[in-house]
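**Q** Contents of run_14.cif (mmCIF, C-alpha atoms and all ligand atoms) are given next:
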```cif
data_upload
loop_
_atom_site.label_atom_id
_atom_site.label_comp_id
_atom_site.auth_asym_id
_atom_site.auth_seq_id
_atom_site.Cartn_x
_atom_site.Cartn_y
_atom_site.Cartn_z
CA MET N 18 27.60 -13.35 4.64
CA GLU N 19 29.29 -13.05 1.21
CA ILE N 20 26.75 -13.30 -1.59
CA LYS N 21 28.94 -12.63 -4.64
CA GLY N 22 32.46 -11.31 -5.36
CA ASN N 23 33.18 -9.42 -2.11
CA VAL N 24 29.60 -8.24 -1.79
CA HIS N 25 28.29 -9.06 1.69
CA TYR N 26 24.78 -9.13 3.07
CA VAL N 27 24.66 -7.13 6.31
CA GLY N 28 20.88 -6.68 6.63
CA VAL N 29 18.69 -7.62 9.57
CA ASN N 30 15.38 -9.39 10.20
CA ASP N 31 12.48 -7.79 12.02
CA ARG N 32 10.17 -10.38 13.54
CA ASN N 33 8.93 -8.02 16.26
CA LYS N 34 7.05 -5.37 14.32
CA THR N 35 3.39 -6.23 13.91
CA LEU N 36 2.46 -3.54 11.38
CA PHE N 37 4.76 -2.24 8.65
CA GLU N 38 4.29 1.55 8.39
CA ASN N 39 1.93 0.97 11.34
CA LEU N 40 -0.57 -0.19 8.73
CA TRP N 41 0.27 -3.54 7.14
CA PRO N 42 0.52 -6.84 9.07
CA LEU N 43 3.74 -8.83 8.89
CA PRO N 44 2.83 -12.49 9.46
CA TYR N 45 6.31 -13.60 8.35
CA GLY N 46 8.20 -10.51 9.54
CA VAL N 47 10.26 -8.33 7.22
CA SER N 48 13.94 -7.89 6.43
CA TYR N 49 15.78 -4.60 6.03
CA ASN N 50 18.55 -5.42 3.59
CA SER N 51 21.85 -3.66 3.44
CA TYR N 52 24.95 -4.67 1.49
CA LEU N 53 28.65 -4.05 1.96
CA ILE N 54 30.99 -4.01 -1.04
CA ASP N 55 34.48 -4.79 0.23
CA ASP N 56 36.80 -3.41 -2.45
CA GLU N 57 39.78 -1.02 -2.44
CA LYS N 58 37.14 1.45 -1.33
CA VAL N 59 34.44 0.08 0.95
CA ALA N 60 30.85 0.96 0.11
CA LEU N 61 27.73 0.36 2.17
CA VAL N 62 24.50 0.21 0.17
CA ASP N 63 21.53 1.52 2.16
CA THR N 64 21.17 1.01 5.91
CA VAL N 65 18.56 -0.60 8.20
CA ASP N 66 15.87 0.40 10.69
CA VAL N 67 17.71 2.29 13.44
CA CYS N 68 16.35 -0.06 16.16
CA PHE N 69 18.74 -2.72 14.85
CA PHE N 70 21.84 -0.54 14.80
CA GLU N 71 23.93 -2.48 17.32
CA LEU N 72 23.47 -5.76 15.46
CA TYR N 73 24.00 -3.97 12.15
CA LEU N 74 27.30 -2.48 13.28
CA LYS N 75 28.43 -5.90 14.49
CA LYS N 76 27.67 -7.35 11.05
CA ILE N 77 29.57 -4.56 9.28
CA ARG N 78 32.57 -5.02 11.57
CA SER N 79 32.55 -8.78 11.03
CA VAL N 80 33.38 -8.02 7.39
CA ILE N 81 35.71 -5.01 7.53
CA GLY N 82 36.97 -5.09 11.12
CA ASP N 83 38.27 -1.66 12.07
CA ARG N 84 38.67 -0.43 8.49
CA PRO N 85 36.61 2.61 7.54
CA ILE N 86 33.60 2.76 5.24
CA ASP N 87 34.42 5.05 2.34
CA TYR N 88 30.97 5.47 0.80
CA LEU N 89 27.40 5.13 1.98
CA ILE N 90 25.12 4.80 -1.05
CA VAL N 91 21.57 5.88 -0.30
CA ASN N 92 19.20 4.45 -2.88
CA HIS N 93 16.08 5.24 -0.88
CA MET N 94 15.36 7.60 1.99
CA GLU N 95 12.36 5.97 3.65
CA PRO N 96 13.43 5.54 7.29
CA ASP N 97 13.28 1.73 7.23
CA HIS N 98 16.46 2.07 5.13
CA SER N 99 17.82 5.51 5.97
CA GLY N 100 17.20 5.28 9.73
CA ALA N 101 20.81 4.41 10.58
CA ILE N 102 22.44 7.18 8.51
CA SER N 103 23.20 9.54 11.38
CA LEU N 104 24.64 6.74 13.54
CA ILE N 105 26.75 5.47 10.63
CA LYS N 106 28.02 9.01 10.26
CA GLN N 107 28.89 9.09 13.99
CA TYR N 108 30.81 5.81 13.83
CA TYR N 109 32.35 6.54 10.43
CA PRO N 110 32.72 10.36 10.36
CA ASN N 111 34.70 10.38 7.11
CA VAL N 112 32.17 8.39 5.14
CA VAL N 113 31.08 10.08 1.91
CA ILE N 114 27.34 9.86 1.44
CA VAL N 115 26.28 9.12 -2.14
CA GLY N 116 22.86 10.21 -3.35
CA ASN N 117 21.09 12.50 -5.74
CA LYS N 118 19.91 16.07 -5.19
CA LYS N 119 16.59 14.98 -3.71
CA THR N 120 18.31 12.44 -1.43
CA PHE N 121 20.30 15.18 0.26
CA GLU N 122 17.28 17.42 0.73
CA MET N 123 15.66 14.54 2.62
CA ILE N 124 18.82 13.69 4.62
CA GLU N 125 18.89 17.26 5.83
CA GLY N 126 15.17 17.26 6.54
CA TYR N 127 15.14 14.01 8.48
CA TYR N 128 18.55 13.82 10.12
CA GLY N 129 20.30 17.18 9.72
CA VAL N 130 23.39 15.29 8.58
CA GLY N 131 26.06 17.21 6.67
CA GLY N 132 29.65 16.33 5.79
CA ASP N 133 31.23 14.91 2.64
CA ARG N 134 28.82 14.03 -0.10
CA LEU N 135 28.84 12.83 -3.67
CA VAL N 136 25.84 14.07 -5.61
CA VAL N 137 25.12 11.77 -8.52
CA THR N 138 22.86 12.29 -11.51
CA ASP N 139 21.17 9.76 -13.75
CA GLY N 140 23.89 7.69 -15.43
CA GLY N 141 26.54 8.74 -12.88
CA THR N 142 29.34 6.31 -12.04
CA LEU N 143 31.65 5.50 -9.15
CA SER N 144 34.66 3.20 -9.09
CA LEU N 145 35.49 1.31 -5.90
CA GLY N 146 38.56 -0.35 -7.46
CA LYS N 147 37.35 -3.57 -9.00
CA HIS N 148 33.66 -2.79 -8.70
CA GLN N 149 32.30 -0.21 -11.12
CA LEU N 150 29.01 1.27 -10.01
CA ASN N 151 26.41 3.00 -12.18
CA PHE N 152 23.48 4.98 -10.82
CA ALA N 153 20.05 5.30 -12.36
CA LEU N 154 17.30 7.53 -11.00
CA VAL N 155 13.93 5.80 -10.73
CA PRO N 156 11.68 8.46 -9.16
CA MET N 157 8.51 7.27 -7.38
CA VAL N 158 9.69 3.67 -6.99
CA HIS N 159 8.68 4.36 -4.36
CA TRP N 160 9.58 7.95 -3.30
CA PRO N 161 10.73 10.90 -5.47
CA GLU N 162 14.42 10.46 -4.60
CA THR N 163 14.67 6.72 -5.32
CA MET N 164 17.54 5.48 -7.40
CA VAL N 165 19.15 2.12 -8.12
CA THR N 166 22.81 1.16 -8.20
CA TYR N 167 24.16 -1.29 -10.75
CA ASP N 168 27.44 -3.06 -10.07
CA ALA N 169 28.67 -3.60 -13.63
CA THR N 170 31.52 -5.82 -12.44
CA GLU N 171 29.39 -8.41 -10.67
CA LYS N 172 26.17 -7.69 -12.65
CA ILE N 173 24.29 -6.93 -9.46
CA LEU N 174 21.36 -4.53 -9.28
CA PHE N 175 20.87 -2.89 -5.90
CA SER N 176 17.26 -2.07 -6.53
CA GLY N 177 15.93 -0.37 -3.39
CA ASP N 178 12.28 -1.26 -2.75
CA ALA N 179 11.80 -2.50 -6.31
CA PHE N 180 11.51 -6.30 -6.47
CA GLY N 181 11.20 -6.46 -2.70
CA CYS N 182 8.65 -8.32 -0.61
CA PHE N 183 7.50 -8.84 2.96
CA GLY N 184 8.88 -11.82 4.87
CA ALA N 185 12.00 -12.07 7.04
CA LEU N 186 14.88 -14.23 5.81
CA ASN N 187 15.08 -17.59 7.48
CA GLY N 188 18.70 -18.65 7.53
CA GLY N 189 19.71 -18.19 3.90
CA VAL N 190 19.56 -14.97 1.92
CA VAL N 191 19.90 -15.96 -1.76
CA ASP N 192 16.84 -17.50 -3.44
CA THR N 193 18.73 -20.65 -4.50
CA ALA N 194 19.59 -21.41 -0.86
CA ILE N 195 16.10 -21.15 0.61
CA ASN N 196 12.50 -22.26 0.11
CA THR N 197 10.88 -19.19 -1.43
CA ASP N 198 7.23 -20.36 -1.22
CA ILE N 199 6.13 -17.79 1.37
CA TYR N 200 7.47 -14.83 -0.55
CA TRP N 201 5.30 -14.85 -3.69
CA ASP N 202 1.99 -13.89 -2.08
CA GLU N 203 3.88 -11.55 0.22
CA MET N 204 5.44 -9.91 -2.84
CA ARG N 205 1.98 -9.21 -4.27
CA ARG N 206 0.76 -7.89 -0.92
CA TYR N 207 3.89 -5.77 -0.49
CA TYR N 208 3.69 -4.37 -4.01
CA SER N 209 -0.04 -3.66 -4.01
CA ASN N 210 -0.07 -2.02 -0.59
CA ILE N 211 3.24 -0.15 -0.57
CA VAL N 212 4.10 0.62 -4.19
CA GLY N 213 0.68 -0.03 -5.80
CA LYS N 214 -0.15 3.56 -6.70
CA TYR N 215 3.02 3.97 -8.74
CA GLY N 216 2.45 1.59 -11.64
CA ALA N 217 3.56 4.07 -14.31
CA PRO N 218 6.90 4.94 -12.62
CA VAL N 219 7.58 1.21 -12.06
CA GLN N 220 6.95 0.58 -15.76
CA LYS N 221 9.31 3.44 -16.63
CA ALA N 222 11.99 1.96 -14.36
CA LEU N 223 11.55 -1.51 -15.89
CA GLN N 224 12.07 -0.02 -19.36
CA LYS N 225 15.15 1.81 -18.16
CA LEU N 226 16.70 -1.35 -16.70
CA LYS N 227 15.78 -3.54 -19.67
CA GLY N 228 19.16 -3.53 -21.42
CA LEU N 229 21.19 -4.40 -18.31
CA ASP N 230 22.73 -7.83 -17.80
CA ILE N 231 21.37 -8.50 -14.31
CA GLN N 232 22.53 -11.69 -12.64
CA MET N 233 21.56 -10.77 -9.12
CA ILE N 234 18.94 -8.43 -7.65
CA CYS N 235 19.62 -7.12 -4.17
CA ALA N 236 16.43 -5.40 -3.02
CA THR N 237 15.94 -3.72 0.34
CA HIS N 238 13.34 -6.28 1.49
CA GLY N 239 13.18 -10.04 1.01
CA PRO N 240 15.52 -12.55 -0.61
CA VAL N 241 18.39 -11.81 -2.96
CA TRP N 242 17.13 -12.90 -6.36
CA THR N 243 19.21 -14.91 -8.83
CA ALA N 244 17.48 -17.96 -10.35
CA GLU N 245 14.07 -16.39 -9.77
CA ILE N 246 14.87 -13.07 -11.48
CA PRO N 247 12.58 -13.74 -14.48
CA ARG N 248 9.66 -14.59 -12.18
CA VAL N 249 10.25 -11.55 -9.97
CA ILE N 250 10.47 -9.15 -12.92
CA ASP N 251 7.37 -10.72 -14.46
CA ILE N 252 5.38 -10.22 -11.22
CA TYR N 253 6.44 -6.57 -10.94
CA ASP N 254 5.74 -6.03 -14.63
CA ARG N 255 2.23 -7.51 -14.46
CA LEU N 256 1.31 -5.76 -11.21
CA SER N 257 2.54 -2.38 -12.41
CA ARG N 258 0.47 -2.76 -15.58
CA TYR N 259 -2.52 -3.65 -13.33
CA GLN N 260 -2.82 -6.86 -15.30
CA ALA N 261 -5.20 -9.30 -13.61
CA GLU N 262 -6.46 -12.87 -13.86
CA GLU N 263 -10.03 -13.97 -14.39
CA GLY N 264 -11.69 -14.11 -11.00
CA VAL N 265 -13.87 -12.19 -8.59
CA VAL N 266 -13.25 -10.72 -5.17
CA VAL N 267 -16.50 -10.56 -3.21
CA ALA N 268 -15.92 -8.14 -0.35
CA TYR N 269 -18.78 -7.48 2.01
CA GLY N 270 -19.67 -5.84 5.29
CA THR N 271 -22.31 -7.43 7.46
CA MET N 272 -23.66 -6.87 10.96
CA TYR N 273 -26.14 -9.69 11.49
CA GLY N 274 -25.56 -11.92 8.46
CA ASN N 275 -28.26 -10.57 6.13
CA THR N 276 -25.88 -8.78 3.75
CA GLU N 277 -23.55 -11.76 3.98
CA GLU N 278 -26.40 -13.92 2.64
CA MET N 279 -26.47 -11.74 -0.47
CA ALA N 280 -22.71 -12.15 -0.82
CA GLU N 281 -23.00 -15.94 -0.51
CA THR N 282 -25.78 -16.02 -3.13
CA ILE N 283 -23.65 -13.96 -5.54
CA ALA N 284 -20.60 -16.17 -4.99
CA GLU N 285 -22.63 -19.37 -5.52
CA GLU N 286 -23.99 -18.05 -8.79
CA LEU N 287 -20.52 -16.96 -9.94
CA SER N 288 -19.35 -20.50 -9.34
CA ARG N 289 -22.38 -21.91 -11.18
CA GLN N 290 -21.46 -19.65 -14.10
CA GLY N 291 -18.04 -21.24 -14.34
CA ILE N 292 -15.92 -18.69 -12.51
CA ARG N 293 -13.34 -20.69 -10.58
CA ASN N 294 -11.37 -17.98 -8.84
CA ILE N 295 -13.70 -16.53 -6.24
CA VAL N 296 -12.32 -14.96 -3.09
CA MET N 297 -14.70 -13.83 -0.34
CA HIS N 298 -13.70 -11.34 2.31
CA ASN N 299 -15.62 -10.04 5.29
CA VAL N 300 -14.26 -6.48 5.36
CA SER N 301 -14.48 -6.31 9.13
CA ARG N 302 -12.42 -9.44 9.59
CA THR N 303 -9.87 -9.75 6.78
CA HIS N 304 -7.11 -7.18 6.99
CA HIS N 305 -7.59 -4.86 4.03
CA SER N 306 -4.03 -5.44 2.85
CA HIS N 307 -5.08 -8.95 1.76
CA ILE N 308 -8.20 -7.65 0.00
CA ILE N 309 -6.16 -5.01 -1.83
CA ALA N 310 -3.69 -7.70 -2.93
CA ASP N 311 -6.57 -9.81 -4.25
CA VAL N 312 -8.04 -6.85 -6.13
CA PHE N 313 -4.63 -6.51 -7.81
CA LYS N 314 -4.83 -10.21 -8.67
CA TYR N 315 -8.38 -10.54 -10.04
CA LYS N 316 -10.32 -8.55 -12.60
CA GLY N 317 -13.75 -8.64 -10.99
CA LEU N 318 -14.81 -7.00 -7.74
CA ILE N 319 -18.25 -7.16 -6.17
CA VAL N 320 -18.74 -5.16 -3.00
CA GLY N 321 -21.71 -4.88 -0.70
CA CYS N 322 -22.56 -3.59 2.75
CA PRO N 323 -25.33 -2.39 5.02
CA THR N 324 -26.35 1.23 5.37
CA TYR N 325 -24.91 2.67 8.58
CA ASN N 326 -25.84 6.10 9.97
CA THR N 327 -27.24 6.91 6.49
CA GLN N 328 -23.80 6.23 5.02
CA MET N 329 -21.81 3.30 3.70
CA TYR N 330 -20.78 0.75 6.34
CA PRO N 331 -17.53 2.31 7.73
CA GLU N 332 -15.24 -0.66 7.06
CA MET N 333 -16.40 -0.72 3.42
CA GLU N 334 -15.78 2.99 3.06
CA SER N 335 -12.30 2.46 4.49
CA LEU N 336 -11.57 -0.35 2.02
CA LEU N 337 -12.84 1.62 -0.98
CA SER N 338 -10.75 4.63 0.06
CA LYS N 339 -7.64 2.47 0.16
CA LEU N 340 -8.45 1.03 -3.26
CA ALA N 341 -9.13 4.47 -4.76
CA ALA N 342 -5.76 5.72 -3.46
CA ARG N 343 -4.00 3.11 -5.59
CA ASP N 344 -5.37 4.16 -9.00
CA ILE N 345 -6.01 0.55 -9.97
CA LYS N 346 -6.97 0.30 -13.62
CA GLY N 347 -9.08 -2.09 -15.66
CA ARG N 348 -11.34 -3.64 -13.03
CA TYR N 349 -15.03 -4.49 -13.19
CA LEU N 350 -17.23 -3.49 -10.30
CA GLY N 351 -20.63 -4.78 -9.21
CA TRP N 352 -22.27 -3.76 -5.96
CA PHE N 353 -25.11 -4.40 -3.57
CA GLY N 354 -26.30 -3.19 -0.20
CA SER N 355 -28.95 -3.33 2.47
CA PHE N 356 -30.91 -1.16 4.85
CA THR N 357 -33.58 -1.38 7.50
CA TRP N 358 -35.53 1.87 7.17
CA ALA N 359 -33.63 4.21 4.79
CA GLY N 360 -31.29 2.98 2.05
CA ALA N 361 -27.96 4.72 1.39
CA ALA N 362 -25.20 2.11 0.93
CA VAL N 363 -25.94 1.30 -2.71
CA LYS N 364 -26.09 4.98 -3.66
CA LYS N 365 -22.89 5.74 -1.73
CA ILE N 366 -20.99 2.91 -3.42
CA ALA N 367 -22.16 4.20 -6.82
CA GLU N 368 -20.90 7.67 -5.89
CA PHE N 369 -17.62 6.20 -4.71
CA ASN N 370 -17.05 4.60 -8.08
CA GLU N 371 -16.51 8.09 -9.48
CA ARG N 372 -13.19 7.90 -7.63
CA LEU N 373 -12.45 4.25 -8.37
CA LYS N 374 -13.36 4.62 -12.06
CA PHE N 375 -13.99 0.87 -12.39
CA GLU N 376 -16.26 -0.41 -15.17
CA ALA N 377 -19.73 -0.81 -13.64
CA VAL N 378 -21.20 -4.25 -14.26
CA GLY N 379 -24.79 -5.43 -13.75
CA THR N 380 -27.58 -3.78 -11.82
CA PRO N 381 -26.89 -2.94 -8.17
CA VAL N 382 -29.11 -4.80 -5.72
CA GLU N 383 -30.58 -3.14 -2.66
CA MET N 384 -32.21 -5.24 0.03
CA LYS N 385 -34.64 -4.02 2.68
CA GLN N 386 -34.14 -5.99 5.91
CA GLY N 387 -33.93 -9.77 5.29
CA MET N 388 -33.39 -11.96 2.22
CA LYS N 389 -36.40 -12.72 -0.01
CA ALA N 390 -36.81 -14.60 -3.29
CA ASP N 391 -36.78 -11.46 -5.47
CA ILE N 392 -33.56 -10.18 -3.86
CA ALA N 393 -31.93 -13.59 -4.28
CA ALA N 394 -32.88 -13.56 -7.97
CA LEU N 395 -31.48 -10.03 -8.45
CA SER N 396 -28.28 -11.02 -6.61
CA ARG N 397 -27.89 -13.95 -8.99
CA GLU N 398 -28.44 -11.64 -11.95
CA LEU N 399 -25.65 -9.42 -10.73
CA ALA N 400 -23.37 -12.46 -10.53
CA VAL N 401 -24.34 -13.56 -14.04
CA ALA N 402 -23.55 -10.08 -15.39
CA MET N 403 -20.09 -10.19 -13.79
CA ALA N 404 -19.43 -13.73 -15.06
CA ASP N 405 -20.50 -12.71 -18.59
CA ARG N 406 -18.23 -9.66 -18.51
CA LEU N 407 -15.28 -11.78 -17.48
CA LYS N 408 -16.04 -14.48 -20.01
CA ALA N 409 -16.20 -11.85 -22.79
CA ASP N 410 -12.49 -11.27 -22.15
CA ARG N 411 -11.70 -14.93 -22.81
CA GLU N 412 -12.21 -14.50 -26.54
FE1 LIG H 501 11.22 -0.12 2.36
FE2 LIG H 501 9.94 2.65 0.66
O1 LIG H 501 10.86 1.73 2.02
#
```
What is this structure when it is put down as structure tokens?
**A**
Amino acid sequence: MEIKGNVHYVGVNDRNKTLFENLWPLPYGVSYNSYLIDDEKVALVDTVDVCFFELYLKKIRSVIGDRPIDYLIVNHMEPDHSGAISLIKQYYPNVVIVGNKKTFEMIEGYYGVGGDRLVVTDGGTLSLGKHQLNFALVPMVHWPETMVTYDATEKILFSGDAFGCFGALNGGVVDTAINTDIYWDEMRRYYSNIVGKYGAPVQKALQKLKGLDIQMICATHGPVWTAEIPRVIDIYDRLSRYQAEEGVVVAYGTMYGNTEEMAETIAEELSRQGIRNIVMHNVSRTHHSHIIADVFKYKGLIVGCPTYNTQMYPEMESLLSKLAARDIKGRYLGWFGSFTWAGAAVKKIAEFNERLKFEAVGTPVEMKQGMKADIAALSRELAVAMADRLKADRE
């Protein structure tokens, strides 16, 4: 499928995998994008998950027939993109692999592949004939070796994981040819779960790419962006600055509904206080990838859970660990908990906030056994404190 000036899409869709990285659900599947530049010299940009190699090879051959591939450009070494390198090398033994110093360390480590190579540095160039390629290193977007390739002739940025999203491609590839509705939430979930920790490197990369005339973004996952480029860059910019909207995520664990009653009371009061964006998640039921994405979206977070084996409820501990691993900045945190004979959850959440480093809001509420009027009143006070903190940012 030609997408622009002899640049062909040769990626594949994965609608079989249930969990990306064996962690993150894929309700709409995922695409592994690869691109073939058919010039005097033929260049392949990134590969696909090795499970799809037969189909991938067929797609490559449908463009170049029996002609050889001259260069394989490796923007990113994570195996969802590098997985087919050794097979490409077997089918095209004379291919020159293009990467930076760190790329080749990883190629050796993963695949033990040698042969001809072109080691590029930041600002390096490569001419394919008509297409002039420039390379820029963008470490930690999302691994240390990541780089992007800019086709100065066609004004295309081959961006690796940057600007990518979950969601397989349904028929068309370019944003103007498809309905893109499903991709926006999946972009936030993809970014927050996969790249979320690396806000500063993403910001650095955005600054680096600022001066480029980019008419097309070819990421390794999701649609090829053209008309939607401003929206896509804006989403990545806001997420990597941890910028959030007014709203509260209420995430709770519950065994028999008592702690859930506290969560409901808090949410009702938030609504009464004029907070419109309230998202409630039962941490045992909602996959944490969705909760993480919502924490990236909204400024307020209120968490609560029962005490379990004198610790925090395990699913809450798991969620908070995932959040802490992402170094999310600028969030407000309120919390509550419950116990039957010895309280621990509230104390443990407070201790956990030393890792999260969120701004503590309100007074934590601890409930013994079932809901009573005084606990309901304290729960409402917690909600009012969160609403007031959010409203203070309106001015
Ligand atoms: Fe899609 Fe970081 O690999």
**Q** Restrict the calculation to all atoms listed in the file, then for each residue of chain N with any atom at most 8 Å from an atom of ligand LIG 501 (chain H) give the closest atom pair and their distance in Å to one decimal, rows by chain and rising residue number, as a Markdown table.
**A**
```
| residue | atom | partner | partner_atom | distance |
| --- | --- | --- | --- | --- |
| N:Tyr49 | CA | H:LIG501 | FE1 | 7.4 |
| N:His93 | CA | H:LIG501 | FE2 | 6.8 |
| N:Met94 | CA | H:LIG501 | O1 | 7.4 |
| N:Glu95 | CA | H:LIG501 | O1 | 4.8 |
| N:Pro96 | CA | H:LIG501 | O1 | 7.0 |
| N:Asp97 | CA | H:LIG501 | FE1 | 5.6 |
| N:His98 | CA | H:LIG501 | FE1 | 6.3 |
| N:Val158 | CA | H:LIG501 | FE2 | 7.7 |
| N:His159 | CA | H:LIG501 | FE2 | 5.5 |
| N:Trp160 | CA | H:LIG501 | FE2 | 6.6 |
| N:Gly177 | CA | H:LIG501 | FE1 | 7.4 |
| N:Asp178 | CA | H:LIG501 | FE1 | 5.3 |
| N:Ile211 | CA | H:LIG501 | FE2 | 7.4 |
| N:Val212 | CA | H:LIG501 | FE2 | 7.9 |
| N:Thr237 | CA | H:LIG501 | FE1 | 6.3 |
| N:His238 | CA | H:LIG501 | FE1 | 6.6 |
```
**Q** Would you pick out the contacts of Ala153 (chain N) at 10 Å or less, using only C-alpha atoms, so that residues sharing its chain but fewer than 3 positions from it are not included, and give the list as a count of residues only?
**A** 18
**Q** Give me the residues of region 308-341 of chain N that have any atom at most 8 Å from an atom of region 199-209 of chain N; for each, the nearest atom pair and the distance in Å, rounded to one decimal. Use all atoms listed in the file, sort by chain and number, and format it as JSON lines.
**A**
```
{"residue": "N:Ile309", "atom": "CA", "partner": "N:Ser209", "partner_atom": "CA", "distance": 6.6}
{"residue": "N:Ala310", "atom": "CA", "partner": "N:Arg206", "partner_atom": "CA", "distance": 4.9}
{"residue": "N:Phe313", "atom": "CA", "partner": "N:Ser209", "partner_atom": "CA", "distance": 6.6}
```
**Q** Between CA of Glu122 (chain N) and CA of Val67 (chain N), what is the spacing in Å?
**A**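 Computing it gives 19.8 Å between the two atoms.
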**Q** So how far away is CA of Tyr349 (chain N) from CA of His298 (chain N), in Å?
**A**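 So the answer is 17.0 Å.
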**Q** What's the 12 Å shell around Phe175 (chain N), counting all atoms listed in the file, without same-chain residues fewer than 6 positions away, as a ChimeraX atom specification?
**A** /N:24,26,50-54,61-63,90-93,150-153,163-169,181,226,231-238,241-242
**Q** When you draw a straight line from CA of Thr324 (chain N) to CA of Gly360 (chain N), how long is it in Å?
**A**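 Value for the CA of Thr324 (chain N)-CA of Gly360 (chain N) distance: 6.2 Å.
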**Q** Measuring atom to atom with only C-alpha atoms, identify which of N:Lys339, N:Arg248, N:His25, N:Lys346 is nearest to Asp192 (chain N).
**A**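 With only C-alpha atoms as the atom set, the closest residue is N:Arg248.
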**Q** Give me the residues within 9 Å of region 386-397 of chain N as a list in words, counting all atoms listed in the file and dropping any in the same chain fewer than 3 places off.
**A**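 Answer for this query is Asn275, Thr276, Glu278, Met279, Ala280, Thr282, Ile283, Ala284, Glu285, Glu286, Leu287, Phe353, Ser355, Phe356, Thr357, Trp358, Thr380, Pro381, Val382, Glu383, Ala400, Val401 and Ala402 of chain N.
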**Q** Determine, counting only C-alpha atoms, which protein, DNA and RNA residues have an atom within 12 Å of an atom of Val378 (chain N); residues of the same chain fewer than 5 positions away are not included. Present the result as a short mmCIF file (atom, residue, chain, number, x, y, z; two decimals) with C-alpha atoms, in the coordinates of the input.
**A**
```cif
data_model
loop_
_atom_site.label_atom_id
_atom_site.label_comp_id
_atom_site.auth_asym_id
_atom_site.auth_seq_id
_atom_site.Cartn_x
_atom_site.Cartn_y
_atom_site.Cartn_z
CA LYS N 316 -10.32 -8.55 -12.60
CA GLY N 317 -13.75 -8.64 -10.99
CA LEU N 318 -14.81 -7.00 -7.74
CA ILE N 319 -18.25 -7.16 -6.17
CA VAL N 320 -18.74 -5.16 -3.00
CA ARG N 348 -11.34 -3.64 -13.03
CA TYR N 349 -15.03 -4.49 -13.19
CA LEU N 350 -17.23 -3.49 -10.30
CA GLY N 351 -20.63 -4.78 -9.21
CA TRP N 352 -22.27 -3.76 -5.96
CA PHE N 353 -25.11 -4.40 -3.57
CA ALA N 367 -22.16 4.20 -6.82
CA ASN N 370 -17.05 4.60 -8.08
CA GLU N 398 -28.44 -11.64 -11.95
CA LEU N 399 -25.65 -9.42 -10.73
CA ALA N 400 -23.37 -12.46 -10.53
CA VAL N 401 -24.34 -13.56 -14.04
CA ALA N 402 -23.55 -10.08 -15.39
CA MET N 403 -20.09 -10.19 -13.79
CA ALA N 404 -19.43 -13.73 -15.06
CA ASP N 405 -20.50 -12.71 -18.59
CA ARG N 406 -18.23 -9.66 -18.51
CA LEU N 407 -15.28 -11.78 -17.48
#
```
